[in-house]
file data-v9.txt (compact mmCIF, C-alpha atoms and all ligand atoms)
# COMPACT_ATOMS: atom_id res chain seq x y z
CA MET A 1 -3.98 4.11 19.07
CA GLY A 2 -6.73 2.44 17.08
CA HIS A 3 -7.09 -0.17 14.40
CA VAL A 4 -5.20 -0.22 11.08
CA LEU A 5 -6.05 -2.35 8.04
CA VAL A 6 -2.99 -3.25 5.96
CA THR A 7 -2.84 -4.88 2.52
CA GLY A 8 0.39 -6.44 1.29
CA ALA A 9 1.06 -7.36 4.92
CA THR A 10 2.85 -10.59 3.99
CA GLY A 11 5.35 -8.81 1.72
CA GLY A 12 8.82 -7.47 2.42
CA ILE A 13 7.64 -3.98 3.38
CA GLY A 14 4.31 -5.20 4.77
CA VAL A 15 5.81 -7.57 7.36
CA ALA A 16 8.05 -4.77 8.62
CA LEU A 17 5.10 -2.38 8.66
CA VAL A 18 2.88 -4.73 10.65
CA GLY A 19 5.69 -5.16 13.18
CA ALA A 20 6.23 -1.41 13.47
CA LEU A 21 2.51 -0.70 13.85
CA VAL A 22 2.11 -3.32 16.58
CA GLU A 23 5.20 -1.98 18.31
CA ALA A 24 3.68 1.52 18.20
CA GLY A 25 0.52 0.21 19.88
CA TYR A 26 -1.87 -0.12 16.93
CA ARG A 27 -4.21 -3.05 16.50
CA VAL A 28 -3.57 -4.45 13.01
CA THR A 29 -5.68 -6.48 10.63
CA ALA A 30 -3.94 -7.86 7.55
CA VAL A 31 -6.08 -8.04 4.40
CA GLY A 32 -4.82 -10.41 1.73
CA ARG A 33 -3.68 -13.93 0.92
CA GLY A 34 -2.02 -16.29 3.36
CA VAL A 35 -2.49 -13.82 6.20
CA GLU A 36 -3.04 -16.58 8.76
CA ARG A 37 0.74 -16.95 8.99
CA LEU A 38 1.07 -13.47 10.52
CA ASP A 39 0.85 -12.76 14.26
CA VAL A 40 -2.08 -10.35 13.77
CA ARG A 41 -5.71 -10.80 12.83
CA GLY A 42 -6.12 -11.62 9.16
CA VAL A 43 -8.87 -11.35 6.57
CA GLU A 44 -8.29 -13.74 3.69
CA VAL A 45 -8.92 -12.02 0.34
CA ASP A 46 -7.46 -12.34 -3.15
CA LEU A 47 -7.01 -8.72 -4.21
CA ALA A 48 -7.04 -9.83 -7.85
CA GLU A 49 -10.79 -10.23 -7.18
CA PRO A 50 -11.81 -6.81 -5.80
CA GLY A 51 -15.46 -7.83 -5.89
CA THR A 52 -14.85 -10.16 -2.94
CA LEU A 53 -13.81 -7.29 -0.65
CA ALA A 54 -17.40 -6.26 0.11
CA GLY A 55 -18.14 -9.58 1.83
CA ALA A 56 -14.87 -9.56 3.76
CA VAL A 57 -15.25 -5.98 4.98
CA GLY A 58 -18.95 -6.57 5.71
CA ALA A 59 -17.97 -9.40 8.05
CA LEU A 60 -15.53 -7.08 9.86
CA GLN A 61 -18.25 -4.45 10.11
CA ASP A 62 -20.79 -6.96 11.51
CA ALA A 63 -18.24 -8.08 14.12
CA GLY A 64 -17.80 -4.45 15.26
CA GLU A 65 -14.19 -4.50 14.09
CA LEU A 66 -14.44 -1.18 12.25
CA GLU A 67 -15.63 0.80 15.29
CA ASP A 68 -12.09 1.97 16.08
CA LEU A 69 -10.74 2.00 12.52
CA ARG A 70 -8.02 4.62 12.45
CA ALA A 71 -6.19 4.00 9.17
CA LEU A 72 -5.89 2.01 5.99
CA VAL A 73 -2.49 1.30 4.44
CA HIS A 74 -2.54 0.07 0.85
CA CYS A 75 0.76 -1.76 0.42
CA ALA A 76 -0.14 -4.67 -1.89
CA ALA A 77 1.07 -4.64 -5.47
CA ILE A 78 2.36 -6.82 -8.25
CA SER A 79 5.07 -5.63 -10.59
CA PRO A 80 5.10 -7.49 -13.92
CA VAL A 81 7.95 -6.78 -16.32
CA ALA A 82 6.74 -7.05 -19.93
CA ALA A 83 6.71 -4.89 -23.04
CA VAL A 84 3.36 -3.66 -24.30
CA ALA A 85 3.90 -5.88 -27.35
CA ASP A 86 4.14 -8.94 -25.11
CA ALA A 87 1.86 -8.29 -22.13
CA GLY A 88 -1.46 -10.07 -22.52
CA ILE A 89 -4.79 -8.81 -21.27
CA GLU A 90 -4.46 -10.97 -18.15
CA THR A 91 -1.38 -8.96 -17.12
CA TRP A 92 -3.23 -5.67 -17.43
CA GLN A 93 -6.38 -6.91 -15.72
CA ARG A 94 -4.52 -8.49 -12.83
CA THR A 95 -2.22 -5.50 -12.29
CA TRP A 96 -5.14 -3.09 -12.33
CA ALA A 97 -7.19 -5.28 -10.00
CA VAL A 98 -4.46 -5.75 -7.36
CA ASN A 99 -2.73 -2.36 -7.59
CA VAL A 100 -5.65 0.00 -8.21
CA ALA A 101 -9.21 -1.39 -8.12
CA SER A 102 -8.74 -3.23 -4.80
CA ALA A 103 -7.34 -0.08 -3.19
CA ALA A 104 -10.30 1.96 -4.45
CA GLU A 105 -12.82 -0.66 -3.35
CA LEU A 106 -11.32 -1.19 0.12
CA THR A 107 -11.27 2.58 0.59
CA ARG A 108 -14.90 2.89 -0.51
CA LEU A 109 -16.01 0.15 1.87
CA THR A 110 -14.22 1.63 4.89
CA ILE A 111 -14.72 5.35 4.27
CA PRO A 112 -17.76 5.66 6.60
CA ALA A 113 -15.64 4.33 9.49
CA LEU A 114 -12.68 6.52 8.52
CA ARG A 115 -14.91 9.59 8.40
CA ARG A 116 -16.14 8.86 11.94
CA SER A 117 -12.57 8.62 13.26
CA HIS A 118 -11.11 11.41 11.07
CA GLY A 119 -8.82 8.64 9.94
CA HIS A 120 -6.00 8.28 7.46
CA VAL A 121 -5.53 6.48 4.14
CA VAL A 122 -1.95 5.74 3.06
CA PHE A 123 -1.10 4.61 -0.45
CA VAL A 124 2.30 3.00 -0.98
CA ASN A 125 3.15 4.09 -4.51
CA ALA A 126 6.36 3.57 -6.54
CA ALA A 127 9.79 5.16 -6.48
CA PRO A 128 9.68 8.89 -7.20
CA GLY A 129 9.82 9.53 -10.95
CA THR A 130 8.69 6.07 -12.09
CA THR A 131 7.33 6.99 -15.50
CA GLY A 132 7.87 6.02 -19.11
CA VAL A 133 9.90 2.92 -18.22
CA PRO A 134 10.22 0.40 -21.09
CA ARG A 135 8.75 -3.03 -20.14
CA TRP A 136 7.11 -1.65 -16.99
CA SER A 137 4.00 0.07 -18.35
CA ALA A 138 1.42 -2.01 -16.46
CA PHE A 139 3.14 -1.34 -13.14
CA ALA A 140 4.04 2.30 -13.79
CA GLY A 141 0.57 2.97 -15.21
CA SER A 142 -1.10 1.39 -12.21
CA LYS A 143 0.93 3.53 -9.83
CA ALA A 144 0.08 6.66 -11.84
CA ALA A 145 -3.58 5.70 -11.43
CA LEU A 146 -3.01 5.12 -7.71
CA ARG A 147 -1.61 8.64 -7.40
CA GLU A 148 -4.71 10.05 -9.12
CA LEU A 149 -6.92 7.97 -6.83
CA ALA A 150 -5.14 9.39 -3.80
CA ASP A 151 -5.22 12.98 -5.06
CA SER A 152 -8.94 12.84 -5.86
CA LEU A 153 -9.72 11.17 -2.55
CA ARG A 154 -7.77 13.86 -0.63
CA GLU A 155 -9.93 16.59 -2.19
CA GLU A 156 -13.17 14.64 -1.82
CA GLU A 157 -12.64 13.85 1.85
CA ALA A 158 -11.06 17.10 3.02
CA ALA A 159 -14.34 18.27 4.50
CA SER A 160 -14.85 14.99 6.36
CA GLY A 161 -11.45 15.18 8.05
CA VAL A 162 -9.96 12.08 6.39
CA ARG A 163 -6.24 12.50 5.64
CA VAL A 164 -4.71 10.98 2.52
CA THR A 165 -0.99 10.35 2.06
CA THR A 166 0.97 8.89 -0.84
CA VAL A 167 4.35 7.40 0.05
CA TYR A 168 6.87 7.08 -2.80
CA PRO A 169 9.55 4.61 -1.67
CA GLY A 170 12.87 4.42 -3.45
CA PRO A 171 14.56 1.01 -3.78
CA THR A 172 13.75 -1.00 -0.67
CA ALA A 173 15.46 -4.31 0.10
CA THR A 174 12.71 -6.85 -0.55
CA ASP A 175 12.52 -9.98 -2.69
CA LEU A 176 10.26 -8.10 -5.11
CA LEU A 177 12.94 -5.53 -5.85
CA GLY A 178 15.51 -8.28 -6.40
CA GLU A 179 13.18 -10.04 -8.85
CA VAL A 180 12.35 -6.84 -10.75
CA ARG A 181 15.99 -5.83 -11.08
CA SER A 182 16.87 -9.34 -12.22
CA ALA A 183 14.13 -9.18 -14.88
CA PHE A 184 15.62 -5.87 -16.08
CA GLY A 185 19.13 -7.36 -16.00
CA ARG A 186 20.22 -4.70 -13.51
CA PRO A 187 22.63 -5.22 -10.61
CA HIS A 188 21.11 -5.46 -7.14
CA ASP A 189 22.84 -4.83 -3.84
CA PRO A 190 20.35 -4.87 -0.94
CA GLU A 191 22.94 -3.08 1.21
CA LEU A 192 22.48 0.04 -0.95
CA CYS A 193 18.68 -0.01 -0.56
CA ILE A 194 16.32 1.32 2.10
CA ARG A 195 15.71 -1.23 4.86
CA PRO A 196 12.02 -2.28 4.97
CA GLN A 197 12.07 -1.51 8.71
CA THR A 198 13.16 2.06 7.95
CA LEU A 199 10.36 2.61 5.46
CA ALA A 200 7.90 1.03 7.91
CA ALA A 201 9.02 3.44 10.65
CA MET A 202 8.45 6.37 8.27
CA ILE A 203 4.91 5.18 7.49
CA VAL A 204 4.18 4.90 11.22
CA TRP A 205 5.54 8.45 11.56
CA VAL A 206 3.12 9.61 8.83
CA LEU A 207 0.23 8.11 10.81
CA SER A 208 1.33 9.78 14.02
CA ALA A 209 1.01 13.37 12.76
CA PRO A 210 -0.53 15.80 15.25
CA ALA A 211 -4.06 17.17 14.81
CA ASP A 212 -3.17 20.38 12.99
CA ALA A 213 -0.97 19.12 10.12
CA TYR A 214 0.04 16.00 8.23
CA THR A 215 2.21 14.76 5.34
CA SER A 216 0.26 14.49 2.07
CA GLU A 217 3.22 13.08 0.09
CA LEU A 218 6.45 11.50 1.21
CA SER A 219 9.33 10.54 -1.09
CA VAL A 220 11.84 8.22 0.57
CA LEU A 221 15.30 7.76 -0.93
CA PRO A 222 18.27 5.67 0.16
CA SER A 223 20.91 7.86 1.76
CA PRO A 224 23.88 8.57 -0.56
CA ARG A 225 26.74 6.17 0.19
N1 LIG B 301 10.59 -2.89 -2.78
C1 LIG B 301 10.76 -1.74 -3.40
O1 LIG B 301 11.88 -1.35 -3.78
C2 LIG B 301 9.58 -0.83 -3.63
C3 LIG B 301 9.83 0.45 -4.16
C4 LIG B 301 8.75 1.30 -4.40
C5 LIG B 301 7.47 0.88 -4.10
N2 LIG B 301 7.24 -0.35 -3.60
C6 LIG B 301 5.86 -0.73 -3.30
O2 LIG B 301 5.80 -1.18 -1.96
C7 LIG B 301 4.73 -2.13 -1.84
C8 LIG B 301 5.26 -3.40 -1.21
O3 LIG B 301 6.34 -3.87 -1.99
P1 LIG B 301 7.28 -5.09 -1.50
O4 LIG B 301 8.62 -4.82 -2.05
O5 LIG B 301 7.08 -5.35 -0.05
O6 LIG B 301 6.65 -6.27 -2.38
P2 LIG B 301 6.28 -7.79 -2.02
O7 LIG B 301 7.23 -8.32 -1.01
O8 LIG B 301 6.14 -8.51 -3.32
O9 LIG B 301 4.85 -7.63 -1.34
C9 LIG B 301 3.68 -7.46 -2.13
C10 LIG B 301 2.49 -7.77 -1.27
O10 LIG B 301 1.30 -7.66 -2.09
C11 LIG B 301 0.54 -8.84 -1.91
N3 LIG B 301 -0.26 -9.23 -3.06
C12 LIG B 301 0.13 -9.36 -4.35
N4 LIG B 301 -0.89 -9.87 -5.08
C13 LIG B 301 -1.92 -10.07 -4.22
C14 LIG B 301 -3.23 -10.59 -4.36
N5 LIG B 301 -3.70 -11.02 -5.55
N6 LIG B 301 -4.02 -10.66 -3.27
C15 LIG B 301 -3.58 -10.26 -2.06
N7 LIG B 301 -2.34 -9.76 -1.85
C16 LIG B 301 -1.53 -9.67 -2.93
C17 LIG B 301 1.58 -9.93 -1.66
O11 LIG B 301 0.96 -11.06 -1.12
P3 LIG B 301 1.22 -12.53 -1.78
O12 LIG B 301 2.47 -13.01 -1.12
O13 LIG B 301 0.00 -13.30 -1.42
O14 LIG B 301 1.38 -12.34 -3.26
C18 LIG B 301 2.51 -9.20 -0.71
O15 LIG B 301 2.00 -9.21 0.61
C19 LIG B 301 4.18 -2.32 -3.26
O16 LIG B 301 3.08 -1.48 -3.43
C20 LIG B 301 5.34 -1.87 -4.14
O17 LIG B 301 4.91 -1.43 -5.41
C21 LIG B 301 8.27 -1.22 -3.36

call {"tool": "encode", "arguments": {"input": "data-v9.txt", "output": "structure tokens"}}
result
Amino acid sequence: MGHVLVTGATGGIGVALVGALVEAGYRVTAVGRGVERLDVRGVEVDLAEPGTLAGAVGALQDAGELEDLRALVHCAAISPVAAVADAGIETWQRTWAVNVASAAELTRLTIPALRRSHGHVVFVNAAPGTTGVPRWSAFAGSKAALRELADSLREEEAASGVRVTTVYPGPTATDLLGEVRSAFGRPHDPELCIRPQTLAAMIVWVLSAPADAYTSELSVLPSPR
């Protein structure tokens, strides 16, 4: 099945995704902080410092770990809730570094291996229609940039056979969602949300597309109840 690099692997969706990928037969390497606590190989990197990715990926390359690289899933993100009038420069820099620049840099560093395997890059974006939300501009703006990154990459790599998919998950029952809704003063019932395992299964499905077609964008909503 091949090797998949996953960021955000320690998060609510990421843990479920790693489990689903392993279950499907993929070899998984988690890229991020505190990854030693997972049951898969880990590469310790702070994605707020995208400049450190080159060394980490170089070490994987030198160890021959990218020979069978099949896919990259960008799942890491932070989601600060602050008005433009209140958010300091650190908020913007950190959000851009984790949510956008690290994804671009990790893609750049692994694209030669992904071209060889005609591999797949998956970007986990935000809920469909996340735009113009008061007190969420850093997050919403970073996800808009992530969509542009994905759309440009899809065009750039079409000739090399690399597939690019953006997944837009609706509310998914993780701690992050609970914290964000609490910060917005909104009610939160995890039972009404998508289960992380369900979203993970859909991402594995995206990766398992046959040779002649694939899903470029996938919006996932909780079923009406
Ligand atoms: N949950 C939802 O309803 C929902 C809806 C739409 C989209 N999404 C997207 O789905 C993805 C996963 O969300 P989630 O709910 O699973 O969130 P989560 O539980 O907070 O997971 C976020 C992940 O990103 C990692 N991360 C954050 N800052 C990092 C840094 N500086 N260096 C390395 N890793 C870092 C976290 O690791 P640490 O523990 O080390 O911080 C964690 O593994 C995100 O892209 C989010 O925007 C979620």

call {"tool": "residues_near_ligand", "arguments": {"input": "data-v9.txt", "ligand": "ligand LIG 301 (chain B)", "cutoff": "7 Å", "atoms": "all atoms listed in the file", "output": "PyMOL selection string"}}
result
chain A and resi 7-14+32-34+45-48+75-79+98+124-127+168-177

call {"tool": "closest_residue", "arguments": {"input": "data-v9.txt", "among": "A:Thr130, A:Ser117, A:Ser160, A:Thr107", "to": "Gly2 (chain A)", "atoms": "only C-alpha atoms"}}
result
A:Ser117

call {"tool": "atom_distance", "arguments": {"input": "data-v9.txt", "atom1": "CA of Val28 (chain A)", "atom2": "CA of Gly42 (chain A)"}}
result
8.5 Å

call {"tool": "closest_residue", "arguments": {"input": "data-v9.txt", "among": "A:Thr198, A:Gln61, A:Thr165, A:Gln93", "to": "Ala213 (chain A)", "atoms": "all atoms listed in the file"}}
result
A:Thr165

call {"tool": "residues_around", "arguments": {"input": "data-v9.txt", "residues": "Gly25 (chain A)", "least_positions_apart": "5", "cutoff": "12 Å", "atoms": "all atoms listed in the file", "output": "list in words"}}
result
Met1, Gly2, His3, Val4, Val18, Gly19, Ala20, Val204 and Ser208 of chain A

call {"tool": "residues_around", "arguments": {"input": "data-v9.txt", "residues": "Trp205 (chain A)", "least_positions_apart": "4", "cutoff": "12 Å", "atoms": "only C-alpha atoms", "output": "list in words"}}
result
Leu17, Ala20, Leu21, Ala24, Val122, Thr165, Val167, Thr198, Leu199, Ala200, Ala201, Ala209, Pro210, Tyr214, Thr215 and Leu218 of chain A

call {"tool": "write_last_selection", "arguments": {"input": "data-v9.txt", "atoms": "C-alpha atoms", "output": "PDB file, keeping the file's coordinate frame"}}
result
ATOM      1  CA  LEU A  17       5.100  -2.380   8.660  1.00  0.00           C
ATOM      2  CA  ALA A  20       6.230  -1.410  13.470  1.00  0.00           C
ATOM      3  CA  LEU A  21       2.510  -0.700  13.850  1.00  0.00           C
ATOM      4  CA  ALA A  24       3.680   1.520  18.200  1.00  0.00           C
ATOM      5  CA  VAL A 122      -1.950   5.740   3.060  1.00  0.00           C
ATOM      6  CA  THR A 165      -0.990  10.350   2.060  1.00  0.00           C
ATOM      7  CA  VAL A 167       4.350   7.400   0.050  1.00  0.00           C
ATOM      8  CA  THR A 198      13.160   2.060   7.950  1.00  0.00           C
ATOM      9  CA  LEU A 199      10.360   2.610   5.460  1.00  0.00           C
ATOM     10  CA  ALA A 200       7.900   1.030   7.910  1.00  0.00           C
ATOM     11  CA  ALA A 201       9.020   3.440  10.650  1.00  0.00           C
ATOM     12  CA  ALA A 209       1.010  13.370  12.760  1.00  0.00           C
ATOM     13  CA  PRO A 210      -0.530  15.800  15.250  1.00  0.00           C
ATOM     14  CA  TYR A 214       0.040  16.000   8.230  1.00  0.00           C
ATOM     15  CA  THR A 215       2.210  14.760   5.340  1.00  0.00           C
ATOM     16  CA  LEU A 218       6.450  11.500   1.210  1.00  0.00           C
TER      17      LEU A 218
END
